[in-house]
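For reference, input33.cif (mmCIF, N, CA and C atoms):
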```cif
data_protein
#
loop_
_atom_site.label_atom_id
_atom_site.label_comp_id
_atom_site.auth_asym_id
_atom_site.auth_seq_id
_atom_site.Cartn_x
_atom_site.Cartn_y
_atom_site.Cartn_z
N MET A 12 -34.88 193.35 104.65
CA MET A 12 -35.08 194.77 104.39
C MET A 12 -34.07 195.55 105.24
N PRO A 13 -33.36 196.46 104.63
CA PRO A 13 -32.42 197.28 105.40
C PRO A 13 -33.15 198.18 106.39
N ARG A 14 -32.49 198.49 107.48
CA ARG A 14 -33.04 199.41 108.47
C ARG A 14 -32.50 200.81 108.22
N LEU A 15 -33.30 201.80 108.62
CA LEU A 15 -32.85 203.17 108.52
C LEU A 15 -31.69 203.39 109.49
N THR A 16 -30.79 204.28 109.11
CA THR A 16 -29.67 204.65 109.97
C THR A 16 -30.14 205.72 110.96
N ASN A 17 -29.34 205.98 111.98
CA ASN A 17 -29.71 207.02 112.95
C ASN A 17 -29.88 208.40 112.31
N PRO A 18 -28.99 208.82 111.39
CA PRO A 18 -29.23 210.12 110.74
C PRO A 18 -30.53 210.13 109.92
N GLN A 19 -30.86 209.02 109.28
CA GLN A 19 -32.12 208.96 108.52
C GLN A 19 -33.32 209.03 109.47
N ILE A 20 -33.22 208.35 110.61
CA ILE A 20 -34.30 208.40 111.59
C ILE A 20 -34.48 209.83 112.09
N ALA A 21 -33.40 210.54 112.34
CA ALA A 21 -33.49 211.93 112.80
C ALA A 21 -34.18 212.81 111.76
N GLN A 22 -33.83 212.63 110.50
CA GLN A 22 -34.48 213.40 109.42
C GLN A 22 -35.97 213.09 109.37
N LEU A 23 -36.32 211.80 109.44
CA LEU A 23 -37.72 211.41 109.38
C LEU A 23 -38.48 211.94 110.58
N LEU A 24 -37.88 211.88 111.74
CA LEU A 24 -38.54 212.40 112.95
C LEU A 24 -38.87 213.88 112.78
N ASP A 25 -37.93 214.67 112.34
CA ASP A 25 -38.18 216.10 112.14
C ASP A 25 -39.29 216.34 111.11
N ALA A 26 -39.24 215.59 110.01
CA ALA A 26 -40.26 215.76 108.96
C ALA A 26 -41.64 215.35 109.46
N MET A 27 -41.71 214.27 110.22
CA MET A 27 -43.02 213.81 110.72
C MET A 27 -43.57 214.75 111.78
N LEU A 28 -42.70 215.34 112.59
CA LEU A 28 -43.18 216.30 113.58
C LEU A 28 -43.74 217.55 112.91
N ASP A 29 -43.18 217.93 111.77
CA ASP A 29 -43.70 219.07 111.01
C ASP A 29 -45.03 218.72 110.32
N ALA A 30 -45.23 217.43 110.02
CA ALA A 30 -46.37 217.02 109.21
C ALA A 30 -47.56 216.51 110.01
N PHE A 31 -47.32 215.97 111.20
CA PHE A 31 -48.39 215.28 111.94
C PHE A 31 -48.51 215.78 113.37
N ASP A 32 -49.76 216.07 113.76
CA ASP A 32 -50.03 216.30 115.18
C ASP A 32 -50.40 214.95 115.80
N SER A 33 -50.76 214.94 117.05
CA SER A 33 -51.04 213.70 117.76
C SER A 33 -52.18 212.91 117.12
N ALA A 34 -53.27 213.58 116.79
CA ALA A 34 -54.42 212.90 116.19
C ALA A 34 -54.08 212.34 114.82
N ALA A 35 -53.32 213.09 114.04
CA ALA A 35 -52.94 212.62 112.70
C ALA A 35 -51.97 211.44 112.79
N LEU A 36 -51.09 211.43 113.79
CA LEU A 36 -50.20 210.29 113.98
C LEU A 36 -51.03 209.05 114.31
N ASP A 37 -52.02 209.19 115.17
CA ASP A 37 -52.90 208.06 115.49
C ASP A 37 -53.61 207.55 114.24
N GLU A 38 -54.08 208.47 113.40
CA GLU A 38 -54.76 208.09 112.16
C GLU A 38 -53.80 207.36 111.21
N LEU A 39 -52.59 207.87 111.09
CA LEU A 39 -51.58 207.22 110.25
C LEU A 39 -51.37 205.78 110.70
N LEU A 40 -51.22 205.58 111.99
CA LEU A 40 -50.99 204.23 112.50
C LEU A 40 -52.22 203.35 112.33
N GLN A 41 -53.40 203.90 112.54
CA GLN A 41 -54.63 203.11 112.42
C GLN A 41 -54.85 202.61 111.00
N PHE A 42 -54.62 203.45 110.02
CA PHE A 42 -54.98 203.10 108.65
C PHE A 42 -53.83 202.55 107.82
N HIS A 43 -52.59 202.74 108.25
CA HIS A 43 -51.46 202.35 107.40
C HIS A 43 -50.46 201.41 108.05
N CYS A 44 -50.58 201.18 109.33
CA CYS A 44 -49.55 200.42 110.04
C CYS A 44 -50.19 199.32 110.89
N PRO A 45 -49.41 198.31 111.26
CA PRO A 45 -49.99 197.17 111.98
C PRO A 45 -50.22 197.36 113.47
N ARG A 46 -49.73 198.46 114.05
CA ARG A 46 -49.85 198.63 115.49
C ARG A 46 -50.32 200.03 115.85
N PRO A 47 -51.22 200.16 116.82
CA PRO A 47 -51.64 201.49 117.29
C PRO A 47 -50.59 202.08 118.21
N ARG A 48 -50.66 203.37 118.37
CA ARG A 48 -49.67 204.08 119.18
C ARG A 48 -49.65 203.60 120.62
N ASP A 49 -50.81 203.23 121.18
CA ASP A 49 -50.82 202.82 122.59
C ASP A 49 -50.10 201.49 122.84
N GLN A 50 -49.78 200.76 121.78
CA GLN A 50 -48.96 199.56 121.92
C GLN A 50 -47.47 199.87 121.79
N ILE A 51 -47.15 201.11 121.46
CA ILE A 51 -45.76 201.50 121.21
C ILE A 51 -45.27 202.53 122.21
N ALA A 52 -46.10 203.52 122.47
CA ALA A 52 -45.69 204.65 123.32
C ALA A 52 -46.60 204.74 124.54
N ALA A 53 -46.08 205.32 125.59
CA ALA A 53 -46.87 205.53 126.81
C ALA A 53 -47.88 206.65 126.58
N PRO A 54 -49.03 206.58 127.25
CA PRO A 54 -50.05 207.62 127.06
C PRO A 54 -49.57 209.03 127.39
N ASP A 55 -48.62 209.15 128.33
CA ASP A 55 -48.16 210.49 128.70
C ASP A 55 -46.91 210.93 127.93
N ASP A 56 -46.48 210.15 126.93
CA ASP A 56 -45.35 210.59 126.09
C ASP A 56 -45.76 211.82 125.29
N ASN A 57 -44.85 212.78 125.17
CA ASN A 57 -45.14 213.92 124.31
C ASN A 57 -45.05 213.46 122.84
N LEU A 58 -45.44 214.33 121.93
CA LEU A 58 -45.51 213.95 120.52
C LEU A 58 -44.14 213.54 119.98
N ARG A 59 -43.10 214.27 120.35
CA ARG A 59 -41.75 213.94 119.85
C ARG A 59 -41.33 212.54 120.31
N THR A 60 -41.53 212.23 121.57
CA THR A 60 -41.14 210.93 122.10
C THR A 60 -41.98 209.82 121.46
N ALA A 61 -43.28 210.03 121.36
CA ALA A 61 -44.15 209.02 120.76
C ALA A 61 -43.79 208.78 119.29
N THR A 62 -43.53 209.83 118.55
CA THR A 62 -43.17 209.69 117.14
C THR A 62 -41.84 208.97 117.00
N ARG A 63 -40.88 209.30 117.84
CA ARG A 63 -39.59 208.61 117.81
C ARG A 63 -39.75 207.12 118.11
N LYS A 64 -40.58 206.80 119.10
CA LYS A 64 -40.83 205.40 119.43
C LYS A 64 -41.51 204.67 118.27
N VAL A 65 -42.46 205.34 117.62
CA VAL A 65 -43.13 204.73 116.47
C VAL A 65 -42.13 204.45 115.35
N ILE A 66 -41.30 205.42 115.02
CA ILE A 66 -40.31 205.24 113.95
C ILE A 66 -39.34 204.11 114.30
N ASN A 67 -38.83 204.12 115.52
CA ASN A 67 -37.88 203.08 115.93
C ASN A 67 -38.52 201.69 115.92
N THR A 68 -39.76 201.59 116.38
CA THR A 68 -40.45 200.30 116.38
C THR A 68 -40.69 199.83 114.96
N ALA A 69 -41.15 200.71 114.10
CA ALA A 69 -41.39 200.34 112.70
C ALA A 69 -40.10 199.89 112.03
N ASN A 70 -39.03 200.59 112.32
CA ASN A 70 -37.73 200.26 111.74
C ASN A 70 -37.26 198.88 112.23
N ARG A 71 -37.39 198.65 113.53
CA ARG A 71 -36.94 197.39 114.13
C ARG A 71 -37.80 196.20 113.71
N GLU A 72 -39.12 196.42 113.61
CA GLU A 72 -40.04 195.32 113.32
C GLU A 72 -40.30 195.10 111.83
N GLY A 73 -39.74 195.97 110.98
CA GLY A 73 -39.84 195.75 109.54
C GLY A 73 -41.05 196.33 108.85
N TRP A 74 -41.75 197.26 109.47
CA TRP A 74 -42.88 197.89 108.78
C TRP A 74 -42.66 199.40 108.57
N ILE A 75 -41.39 199.77 108.49
CA ILE A 75 -41.06 201.18 108.24
C ILE A 75 -41.56 201.63 106.87
N ALA A 76 -41.54 200.74 105.88
CA ALA A 76 -42.04 201.11 104.55
C ALA A 76 -43.52 201.45 104.60
N ASP A 77 -44.30 200.71 105.40
CA ASP A 77 -45.73 201.01 105.57
C ASP A 77 -45.91 202.40 106.18
N LEU A 78 -45.10 202.70 107.18
CA LEU A 78 -45.17 204.02 107.82
C LEU A 78 -44.82 205.12 106.82
N LEU A 79 -43.77 204.92 106.05
CA LEU A 79 -43.36 205.91 105.05
C LEU A 79 -44.44 206.12 103.99
N ARG A 80 -44.95 205.02 103.44
CA ARG A 80 -45.99 205.13 102.41
C ARG A 80 -47.24 205.82 102.96
N GLY A 81 -47.62 205.46 104.18
CA GLY A 81 -48.79 206.08 104.79
C GLY A 81 -48.59 207.57 105.01
N ALA A 82 -47.42 207.96 105.47
CA ALA A 82 -47.13 209.38 105.68
C ALA A 82 -47.22 210.14 104.36
N ALA A 83 -46.65 209.57 103.31
CA ALA A 83 -46.69 210.23 102.00
C ALA A 83 -48.12 210.33 101.48
N GLU A 84 -48.90 209.28 101.70
CA GLU A 84 -50.28 209.28 101.22
C GLU A 84 -51.14 210.30 101.98
N MET A 85 -50.89 210.42 103.27
CA MET A 85 -51.70 211.34 104.08
C MET A 85 -51.30 212.81 103.87
N ARG A 86 -50.07 213.04 103.44
CA ARG A 86 -49.59 214.42 103.25
C ARG A 86 -48.99 214.57 101.85
N PRO A 87 -49.81 214.36 100.81
CA PRO A 87 -49.28 214.37 99.44
C PRO A 87 -48.76 215.73 98.98
N ARG A 88 -49.22 216.82 99.59
CA ARG A 88 -48.79 218.15 99.15
C ARG A 88 -47.69 218.75 100.01
N LEU A 89 -47.20 218.00 100.96
CA LEU A 89 -46.16 218.52 101.84
C LEU A 89 -44.81 218.32 101.18
N ALA A 90 -44.30 219.41 100.62
CA ALA A 90 -43.09 219.34 99.79
C ALA A 90 -41.87 218.82 100.56
N ALA A 91 -41.75 219.12 101.82
CA ALA A 91 -40.57 218.67 102.57
C ALA A 91 -40.60 217.18 102.86
N LEU A 92 -41.79 216.60 102.96
CA LEU A 92 -41.91 215.19 103.32
C LEU A 92 -41.74 214.27 102.11
N GLN A 93 -42.30 214.64 100.98
CA GLN A 93 -42.34 213.74 99.83
C GLN A 93 -40.97 213.27 99.34
N PRO A 94 -39.99 214.17 99.11
CA PRO A 94 -38.70 213.69 98.64
C PRO A 94 -37.97 212.83 99.67
N LEU A 95 -38.13 213.16 100.95
CA LEU A 95 -37.49 212.36 102.00
C LEU A 95 -38.08 210.96 102.02
N VAL A 96 -39.40 210.87 101.95
CA VAL A 96 -40.05 209.55 101.93
C VAL A 96 -39.59 208.75 100.72
N ALA A 97 -39.52 209.37 99.56
CA ALA A 97 -39.06 208.66 98.36
C ALA A 97 -37.63 208.15 98.54
N GLU A 98 -36.77 208.98 99.10
CA GLU A 98 -35.37 208.58 99.33
C GLU A 98 -35.29 207.42 100.33
N LEU A 99 -36.05 207.51 101.41
CA LEU A 99 -35.99 206.46 102.43
C LEU A 99 -36.63 205.17 101.94
N LEU A 100 -37.71 205.27 101.17
CA LEU A 100 -38.31 204.06 100.60
C LEU A 100 -37.35 203.36 99.66
N ALA A 101 -36.63 204.12 98.86
CA ALA A 101 -35.65 203.52 97.95
C ALA A 101 -34.54 202.82 98.74
N TYR A 102 -34.25 203.31 99.93
CA TYR A 102 -33.22 202.70 100.77
C TYR A 102 -33.72 201.40 101.40
N VAL A 103 -34.93 201.43 101.95
CA VAL A 103 -35.43 200.24 102.66
C VAL A 103 -36.06 199.21 101.72
N GLU A 104 -36.48 199.63 100.56
CA GLU A 104 -37.06 198.72 99.57
C GLU A 104 -36.36 198.90 98.23
N PRO A 105 -35.19 198.29 98.05
CA PRO A 105 -34.52 198.44 96.77
C PRO A 105 -35.44 197.94 95.65
N PRO A 106 -35.32 198.51 94.46
CA PRO A 106 -36.20 198.09 93.37
C PRO A 106 -35.99 196.62 93.03
N PRO A 107 -37.06 195.95 92.59
CA PRO A 107 -36.92 194.54 92.21
C PRO A 107 -36.04 194.42 90.97
N PRO A 108 -35.52 193.23 90.71
CA PRO A 108 -34.70 193.06 89.51
C PRO A 108 -35.51 193.38 88.26
N ASP A 109 -34.83 193.90 87.27
CA ASP A 109 -35.47 194.24 86.00
C ASP A 109 -35.85 192.95 85.28
N PRO A 110 -37.15 192.74 85.00
CA PRO A 110 -37.55 191.50 84.32
C PRO A 110 -37.01 191.40 82.90
N ALA A 111 -36.58 192.51 82.31
CA ALA A 111 -36.03 192.47 80.96
C ALA A 111 -34.61 191.91 80.95
N GLN A 112 -33.96 191.90 82.12
CA GLN A 112 -32.61 191.37 82.21
C GLN A 112 -32.67 189.85 82.31
N PRO A 113 -31.86 189.14 81.55
CA PRO A 113 -31.87 187.68 81.66
C PRO A 113 -31.27 187.26 83.00
N PRO A 114 -31.67 186.07 83.49
CA PRO A 114 -31.09 185.61 84.75
C PRO A 114 -29.61 185.33 84.57
N PRO A 115 -28.86 185.37 85.65
CA PRO A 115 -27.43 185.11 85.53
C PRO A 115 -27.18 183.68 85.06
N ALA A 116 -26.11 183.51 84.32
CA ALA A 116 -25.75 182.18 83.83
C ALA A 116 -25.31 181.33 85.01
N PRO A 117 -25.60 180.02 84.96
CA PRO A 117 -25.15 179.17 86.05
C PRO A 117 -23.63 179.13 86.12
N GLY A 118 -23.14 178.95 87.32
CA GLY A 118 -21.69 178.90 87.53
C GLY A 118 -21.11 177.58 87.04
N PRO A 119 -19.82 177.47 87.07
CA PRO A 119 -19.18 176.23 86.61
C PRO A 119 -19.51 175.08 87.56
N LEU A 120 -19.45 173.87 87.01
CA LEU A 120 -19.69 172.68 87.82
C LEU A 120 -18.52 172.45 88.75
N PRO A 121 -18.79 171.89 89.92
CA PRO A 121 -17.68 171.59 90.83
C PRO A 121 -16.74 170.56 90.20
N PRO A 122 -15.47 170.57 90.57
CA PRO A 122 -14.52 169.61 90.00
C PRO A 122 -14.99 168.17 90.23
N GLY A 123 -14.85 167.35 89.21
CA GLY A 123 -15.22 165.95 89.30
C GLY A 123 -16.68 165.66 89.03
N SER A 124 -17.51 166.67 88.81
CA SER A 124 -18.92 166.40 88.54
C SER A 124 -19.17 166.46 87.04
N ARG A 125 -20.27 165.84 86.63
CA ARG A 125 -20.63 165.81 85.22
C ARG A 125 -22.03 166.40 85.07
N PRO A 126 -22.26 167.05 83.93
CA PRO A 126 -23.62 167.57 83.72
C PRO A 126 -24.60 166.39 83.62
N GLY A 127 -25.75 166.59 84.23
CA GLY A 127 -26.78 165.55 84.18
C GLY A 127 -27.65 165.70 82.96
N LEU A 128 -28.33 164.64 82.62
CA LEU A 128 -29.29 164.68 81.52
C LEU A 128 -30.66 165.02 82.09
N PRO A 129 -31.47 165.70 81.30
CA PRO A 129 -32.81 166.03 81.80
C PRO A 129 -33.60 164.75 82.07
N ARG A 130 -34.40 164.77 83.11
CA ARG A 130 -35.23 163.61 83.45
C ARG A 130 -36.61 163.80 82.87
N ASN A 131 -37.20 162.72 82.45
CA ASN A 131 -38.57 162.76 81.92
C ASN A 131 -39.52 162.11 82.87
#
```

Will you turn the file into structure tokens for me?
Amino acid sequence: MPRLTNPQIAQLLDAMLDAFDSAALDELLQFHCPRPRDQIAAPDDNLRTATRKVINTANREGWIADLLRGAAEMRPRLAALQPLVAELLAYVEPPPPDPAQPPPAPGPLPPGSRPGLPRN
């Protein structure tokens, strides 16, 4: 899974600070993510520092998509958050291959090899 870039992290940090207070961030982590805030941030961290640590940890440990989906689910009417989450999810979770597309044809055989017969 690709990681968010520093500019993407900065955008997400600003959007999450607008969308979540301390209690809501704790709720987001409790219900949508694998780790609580006290395992990521110090108890005396301010909201900006704690949120940055959460985003960076999620990005590094591979659960940023869970954080993004949870944020979108908890704030479905927040117009500024929804398009950013959709954009970032598309970046970290590229769409699966289209099942309607046939698989790629096998490549040529290496020189000197012969096609095998199916085994029964």

Leaving out Arg14 in chain A and any residue of its chain fewer than 6 positions from it, which residues lie within 9 Å of it when counting only C-alpha atoms, given as a PyMOL selection string?
-> chain A and resi 70-71+73+75+102-103

Cut-off 12 Å: closest range 34-60 of chain A/range 86-99 of chain A atom pairs per residue, using only C-alpha atoms, as CSV:
```
residue,atom,partner,partner_atom,distance
A:Ala35,CA,A:Arg86,CA,10.2
A:Leu36,CA,A:Arg86,CA,11.5
A:Leu39,CA,A:Arg86,CA,10.2
```

Apply DSSP to the backbone of this structure and, from range 32-126 of chain A, keep only the residues in helix (DSSP H, G or I); write these as an NGL selection string.
-> :A and (33-43 or 48-50 or 58-72 or 75-85 or 92-103)

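Computed from the coordinates, the CA of Leu100 in chain A to CA of Met12 in chain A distance equals 10.5 Å.
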
Do you have the atom N of Leu40 in chain A-atom C of Ala21 in chain A distance handy?
-> 18.5 Å

Within 10 Å of Trp74 in chain A using only C-alpha atoms, minus same-chain residues under 2 positions, as a ChimeraX atom specification | /A:12,14,43-46,66,68-72,76-79,103

Selection export as a CSV table (one decimal), keeping the file's coordinate frame, atoms kept: N, CA and C atoms:
```csv
chain,number,residue,atom,x,y,z
A,12,MET,N,-34.9,193.4,104.6
A,12,MET,CA,-35.1,194.8,104.4
A,12,MET,C,-34.1,195.6,105.2
A,14,ARG,N,-32.5,198.5,107.5
A,14,ARG,CA,-33.0,199.4,108.5
A,14,ARG,C,-32.5,200.8,108.2
A,43,HIS,N,-52.6,202.7,108.2
A,43,HIS,CA,-51.5,202.4,107.4
A,43,HIS,C,-50.5,201.4,108.0
A,44,CYS,N,-50.6,201.2,109.3
A,44,CYS,CA,-49.6,200.4,110.0
A,44,CYS,C,-50.2,199.3,110.9
A,45,PRO,N,-49.4,198.3,111.3
A,45,PRO,CA,-50.0,197.2,112.0
A,45,PRO,C,-50.2,197.4,113.5
A,46,ARG,N,-49.7,198.5,114.0
A,46,ARG,CA,-49.8,198.6,115.5
A,46,ARG,C,-50.3,200.0,115.8
A,66,ILE,N,-41.3,205.4,115.0
A,66,ILE,CA,-40.3,205.2,114.0
A,66,ILE,C,-39.3,204.1,114.3
A,68,THR,N,-39.8,201.6,116.4
A,68,THR,CA,-40.4,200.3,116.4
A,68,THR,C,-40.7,199.8,115.0
A,69,ALA,N,-41.2,200.7,114.1
A,69,ALA,CA,-41.4,200.3,112.7
A,69,ALA,C,-40.1,199.9,112.0
A,70,ASN,N,-39.0,200.6,112.3
A,70,ASN,CA,-37.7,200.3,111.7
A,70,ASN,C,-37.3,198.9,112.2
A,71,ARG,N,-37.4,198.6,113.5
A,71,ARG,CA,-36.9,197.4,114.1
A,71,ARG,C,-37.8,196.2,113.7
A,72,GLU,N,-39.1,196.4,113.6
A,72,GLU,CA,-40.0,195.3,113.3
A,72,GLU,C,-40.3,195.1,111.8
A,76,ALA,N,-41.5,200.7,105.9
A,76,ALA,CA,-42.0,201.1,104.6
A,76,ALA,C,-43.5,201.4,104.6
A,77,ASP,N,-44.3,200.7,105.4
A,77,ASP,CA,-45.7,201.0,105.6
A,77,ASP,C,-45.9,202.4,106.2
A,78,LEU,N,-45.1,202.7,107.2
A,78,LEU,CA,-45.2,204.0,107.8
A,78,LEU,C,-44.8,205.1,106.8
A,79,LEU,N,-43.8,204.9,106.0
A,79,LEU,CA,-43.4,205.9,105.0
A,79,LEU,C,-44.4,206.1,104.0
A,103,VAL,N,-34.9,201.4,102.0
A,103,VAL,CA,-35.4,200.2,102.7
A,103,VAL,C,-36.1,199.2,101.7
```
